[in-house]
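Have a look at the structure below before the remarks.
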Amino acid sequence: MKEKSAVTVGLVQTSVSEDLKASLEKTVEKVKEAAKKGAQIVCLQELYRSRYFPQDDKKDASKFAETIPGESTKAFSALAKEKGIVIIVPLFEKGKDGKFYNSAAVIDSDGKLLETYRKIHVPHDPLFYEKSYFTQGDEYRVYKTKYAAFSVLICYDQWFPEAARICSLKGADILFYPTAIGYVKDYAPPEGDWHDAWETIQRSHAIANSVHVVAVNRAGTEDELQFWGQSFACDAFGNVLARASKDKDEVLVVKLDLSRNEPTREGWGFIRNRRPDTYSPLTKKGSDAK
């Protein structure tokens with residue numbers, strides 16, 4: 001892994017069809033486009049290959065699942081080795097234990113498959129019935145690749161400051177958030193604009209931990225959900241460096257200056273002034289924390 005410096009990342013934002021083969025082929029071409037534009041690390045969106053099936057509760061979604069290694073990792077491992085790039089491939093995983101996971105396969109620039117990250121925070125709400133499909137993961141990982149040390153946290157993970165802090169303390173300089181989120185048709189949430197909250201919480205993780213954040217969301221309409229796209233990257237103080245469109249398939253390539261992480265962190269003291277001795281309530285559930 002290189003010393004902390006500049007790294008160029010590619011964000012692949014797409015709409016998804018019912019055709020798994022077509023989704024794979026389209027995404028391979030998008031990753032090639034990102035590599036041609038100079039991307040060294042390319043991240044795909046959550047469940048990149050299939051439509052967002054958790055809109056329906058307790059249906060048979062096994063046809064969307066694949067193993068790791070499997071068809072997707074075979075294709076992207078070959079591409080990673082050919083182009084000398086790192087690729088983050090979020091997919092619906094059928095584990096060796098027979099359970100199903102919302103996972104991210106991470107492939108290094110030599111085509112080597114690294115350890116799989118499995119989504120830790122799994123929601124269960126109308127149109128987001130994920131607990132009916134995904135077993136929860138239990139380990140945060142930092143990937144020390146040729147170009148940078150980073151963590152992958154998937155969609156609902158992005159709302160939890162603890163996840164971002166843990167990954168940052170473990171040495172991540174970039175937090176990648178592959179995501180599938182959007183508006184519900186004909187519904188005005190009483191709490192306000194979901195998109196604004198989505199971007200704000202992720203930018204806050206960048207600020208609180210002095211790390212870069214890269215969020216990759218899908219686009220297009222699927223049944224009751226209008227995915228809002230707008231994948232973005234921000235620096236270690238939450239400044240948005242680039243943002244994709246709301247509704248188009250897009251390859252966004254952004255240069256990140258990782259050398260700014262440490263001076264920002266030291267200047268604001270968010271890590272060195274922590275008080276872990278006061279944080280024991282964080283390990284308690286619900287009302288026990290009061």
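We name chains A, B, ... following the order of the structure tokens; residues begin at 1 in each chain, and ligands are numbered from 1 as shown.
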
Using only C-alpha atoms, tabulate the residues of stretch 152-266 of chain A lying at most 12 Å from any atom of stretch 42-64 of chain A, each with its closest atom pair and that distance in Å to one decimal, by chain and increasing residue number, as a Markdown table.
| residue | atom | partner | partner_atom | distance |
| --- | --- | --- | --- | --- |
| A:Val152 | CA | A:Cys43 | CA | 9.4 |
| A:Leu153 | CA | A:Glu46 | CA | 10.0 |
| A:Ile154 | CA | A:Glu46 | CA | 6.8 |
| A:Cys155 | CA | A:Glu46 | CA | 7.1 |
| A:Tyr156 | CA | A:Glu46 | CA | 10.5 |
| A:Asp157 | CA | A:Glu46 | CA | 11.6 |
| A:Ile174 | CA | A:Cys43 | CA | 11.8 |
| A:Leu175 | CA | A:Cys43 | CA | 11.0 |
| A:Phe176 | CA | A:Cys43 | CA | 7.5 |
| A:Tyr177 | CA | A:Gln45 | CA | 8.2 |
| A:Pro178 | CA | A:Gln45 | CA | 4.5 |
| A:Thr179 | CA | A:Glu46 | CA | 4.7 |
| A:Ala180 | CA | A:Glu46 | CA | 5.6 |
| A:Ile181 | CA | A:Glu46 | CA | 9.3 |
| A:Gly182 | CA | A:Tyr52 | CA | 11.0 |
| A:Val184 | CA | A:Gln55 | CA | 10.5 |
| A:Val213 | CA | A:Cys43 | CA | 11.9 |
| A:Val214 | CA | A:Cys43 | CA | 8.6 |
| A:Ala215 | CA | A:Gln45 | CA | 8.5 |
| A:Val216 | CA | A:Gln45 | CA | 5.2 |
| A:Asn217 | CA | A:Gln45 | CA | 5.4 |
| A:Arg218 | CA | A:Gln45 | CA | 5.9 |
| A:Ala219 | CA | A:Gln45 | CA | 9.6 |
| A:Gly220 | CA | A:Arg51 | CA | 10.2 |
| A:Thr221 | CA | A:Arg51 | CA | 9.8 |
| A:Glu222 | CA | A:Arg51 | CA | 7.2 |
| A:Asp223 | CA | A:Gln55 | CA | 8.2 |
| A:Glu224 | CA | A:Gln55 | CA | 7.9 |
| A:Leu225 | CA | A:Gln55 | CA | 8.3 |
| A:Gln226 | CA | A:Tyr52 | CA | 11.1 |
| A:Phe227 | CA | A:Tyr52 | CA | 10.1 |
| A:Gly229 | CA | A:Gln45 | CA | 9.9 |
| A:Gln230 | CA | A:Gln45 | CA | 11.7 |
| A:Ser231 | CA | A:Gln45 | CA | 9.2 |
| A:Phe232 | CA | A:Cys43 | CA | 11.5 |
| A:Ala233 | CA | A:Cys43 | CA | 11.5 |
| A:Asp249 | CA | A:Gln45 | CA | 11.4 |
| A:Glu250 | CA | A:Leu44 | CA | 11.1 |
| A:Val251 | CA | A:Val42 | CA | 9.6 |
| A:Leu252 | CA | A:Val42 | CA | 9.7 |
| A:Val253 | CA | A:Val42 | CA | 8.7 |
| A:Val254 | CA | A:Val42 | CA | 10.3 |
| A:Lys255 | CA | A:Val42 | CA | 11.9 |

Generate the output file for the selected residues, C-alpha atoms, as an mmCIF file, in the first residue's frame.
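Dumped everything to out_22.cif:
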data_model
loop_
_atom_site.group_PDB
_atom_site.id
_atom_site.type_symbol
_atom_site.label_atom_id
_atom_site.label_comp_id
_atom_site.auth_asym_id
_atom_site.auth_seq_id
_atom_site.Cartn_x
_atom_site.Cartn_y
_atom_site.Cartn_z
ATOM 1 C CA VAL A 152 -16.873 -0.774 2.990
ATOM 2 C CA LEU A 153 -20.139 -0.160 4.848
ATOM 3 C CA ILE A 154 -23.377 -0.989 3.048
ATOM 4 C CA CYS A 155 -26.435 1.307 2.815
ATOM 5 C CA TYR A 156 -28.212 1.223 6.223
ATOM 6 C CA ASP A 157 -24.775 1.012 7.871
ATOM 7 C CA ILE A 174 -11.854 6.182 2.933
ATOM 8 C CA LEU A 175 -15.327 4.948 3.818
ATOM 9 C CA PHE A 176 -17.188 3.509 0.827
ATOM 10 C CA TYR A 177 -20.982 3.314 1.148
ATOM 11 C CA PRO A 178 -22.620 1.321 -1.670
ATOM 12 C CA THR A 179 -26.319 2.119 -1.395
ATOM 13 C CA ALA A 180 -29.812 1.470 -2.755
ATOM 14 C CA ILE A 181 -32.099 4.202 -1.463
ATOM 15 C CA GLY A 182 -34.685 6.576 -2.844
ATOM 16 C CA VAL A 184 -41.323 6.164 -2.030
ATOM 17 C CA VAL A 213 -16.435 9.344 2.152
ATOM 18 C CA VAL A 214 -17.624 7.860 -1.131
ATOM 19 C CA ALA A 215 -21.345 7.037 -1.478
ATOM 20 C CA VAL A 216 -22.547 5.089 -4.535
ATOM 21 C CA ASN A 217 -26.317 4.961 -5.016
ATOM 22 C CA ARG A 218 -28.427 3.425 -7.761
ATOM 23 C CA ALA A 219 -30.686 5.308 -10.160
ATOM 24 C CA GLY A 220 -34.009 4.569 -11.841
ATOM 25 C CA THR A 221 -37.493 3.536 -10.757
ATOM 26 C CA GLU A 222 -38.295 0.067 -9.432
ATOM 27 C CA ASP A 223 -41.899 -0.581 -8.457
ATOM 28 C CA GLU A 224 -42.655 1.782 -5.544
ATOM 29 C CA LEU A 225 -39.161 3.246 -5.180
ATOM 30 C CA GLN A 226 -37.632 6.115 -7.113
ATOM 31 C CA PHE A 227 -33.903 5.832 -6.460
ATOM 32 C CA GLY A 229 -28.906 8.569 -7.647
ATOM 33 C CA GLN A 230 -26.692 11.520 -6.657
ATOM 34 C CA SER A 231 -23.693 9.390 -5.770
ATOM 35 C CA PHE A 232 -21.010 11.644 -4.315
ATOM 36 C CA ALA A 233 -17.552 11.899 -2.804
ATOM 37 C CA ASP A 249 -26.476 5.874 -15.434
ATOM 38 C CA GLU A 250 -23.169 7.549 -14.709
ATOM 39 C CA VAL A 251 -19.499 6.912 -14.043
ATOM 40 C CA LEU A 252 -18.171 9.556 -11.662
ATOM 41 C CA VAL A 253 -14.373 9.721 -11.292
ATOM 42 C CA VAL A 254 -12.964 11.783 -8.420
ATOM 43 C CA LYS A 255 -9.449 12.459 -7.115
#

Item to check | Distance query A:Lys119 at most 6 Å, only C-alpha atoms, self and fewer than 4 positions along chain excluded, as a count of residues only | outcome: 4

Checklist entry - Looking only at the backbone, which of the residues in stretch 75-168 of chain A does DSSP tag as strand (DSSP E or B), as a VMD selection string? => result chain A and resid 86 to 94 100 to 107 113 117 to 118 125 128 143 to 144 149 to 152

Output for the residues just chosen: C-alpha atoms as a PDB file, in the first residue's frame:
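Everything below was put into out07.pdb:
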ATOM      1  CA  VAL A  86      -9.297  -2.332  -7.060  1.00  0.00           C
ATOM      2  CA  ILE A  87     -13.012  -3.143  -7.443  1.00  0.00           C
ATOM      3  CA  ILE A  88     -15.733  -3.230  -4.771  1.00  0.00           C
ATOM      4  CA  VAL A  89     -18.568  -5.544  -5.842  1.00  0.00           C
ATOM      5  CA  PRO A  90     -21.702  -5.477  -3.618  1.00  0.00           C
ATOM      6  CA  LEU A  91     -23.986  -8.450  -4.249  1.00  0.00           C
ATOM      7  CA  PHE A  92     -26.527 -10.871  -2.795  1.00  0.00           C
ATOM      8  CA  GLU A  93     -24.354 -13.635  -1.398  1.00  0.00           C
ATOM      9  CA  LYS A  94     -25.216 -17.251  -0.746  1.00  0.00           C
ATOM     10  CA  PHE A 100     -27.837 -15.347   2.590  1.00  0.00           C
ATOM     11  CA  TYR A 101     -26.053 -12.026   3.064  1.00  0.00           C
ATOM     12  CA  ASN A 102     -25.982  -8.495   1.658  1.00  0.00           C
ATOM     13  CA  SER A 103     -22.266  -8.475   0.945  1.00  0.00           C
ATOM     14  CA  ALA A 104     -19.396  -6.687  -0.733  1.00  0.00           C
ATOM     15  CA  ALA A 105     -16.646  -8.643  -2.439  1.00  0.00           C
ATOM     16  CA  VAL A 106     -13.404  -6.639  -2.546  1.00  0.00           C
ATOM     17  CA  ILE A 107     -10.874  -7.408  -5.262  1.00  0.00           C
ATOM     18  CA  LEU A 113     -10.210 -11.704  -3.799  1.00  0.00           C
ATOM     19  CA  TYR A 117     -17.707  -7.662   4.084  1.00  0.00           C
ATOM     20  CA  ARG A 118     -21.265  -8.517   5.124  1.00  0.00           C
ATOM     21  CA  ASP A 125     -39.459  -1.541   7.239  1.00  0.00           C
ATOM     22  CA  PHE A 128     -37.207  -2.332   2.860  1.00  0.00           C
ATOM     23  CA  TYR A 143      -8.797  -3.295   3.237  1.00  0.00           C
ATOM     24  CA  LYS A 144      -5.146  -2.331   2.829  1.00  0.00           C
ATOM     25  CA  ALA A 149      -6.701   1.627   3.106  1.00  0.00           C
ATOM     26  CA  PHE A 150     -10.494   1.723   3.146  1.00  0.00           C
ATOM     27  CA  SER A 151     -13.616   0.178   4.631  1.00  0.00           C
ATOM     28  CA  VAL A 152     -16.873  -0.774   2.990  1.00  0.00           C
TER      29      VAL A 152
END

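Close contacts of A:Thr8, defined as residues with an atom at most 10 Å away when counting only C-alpha atoms, with chain neighbours fewer than 4 positions off set aside, comprise Ala34, Ala35, Lys37, Gly38, Ala39, Gln40, Ile41, Val42, Tyr147, Ala148, Val253, Val254, Lys255, Leu256 and Asp257 of chain A.
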
Give me, as a Markdown table, the closest atom pair and its distance (Å, one decimal) for every residue of stretch 102-197 of chain A within a cut-off of 7 Å of stretch 71-84 of chain A, counting only C-alpha atoms, rows sorted by chain and rising number.
| residue | atom | partner | partner_atom | distance |
| --- | --- | --- | --- | --- |
| A:Ile107 | CA | A:Ser77 | CA | 6.2 |
| A:Asp108 | CA | A:Ala80 | CA | 7.0 |
| A:Ser109 | CA | A:Gly84 | CA | 4.6 |
| A:Asp110 | CA | A:Lys81 | CA | 4.6 |
| A:Gly111 | CA | A:Ser77 | CA | 4.4 |
| A:Lys112 | CA | A:Ser77 | CA | 6.7 |

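Atom CA of A:Thr200 is found 10.9 Å from atom CA of A:Cys234.
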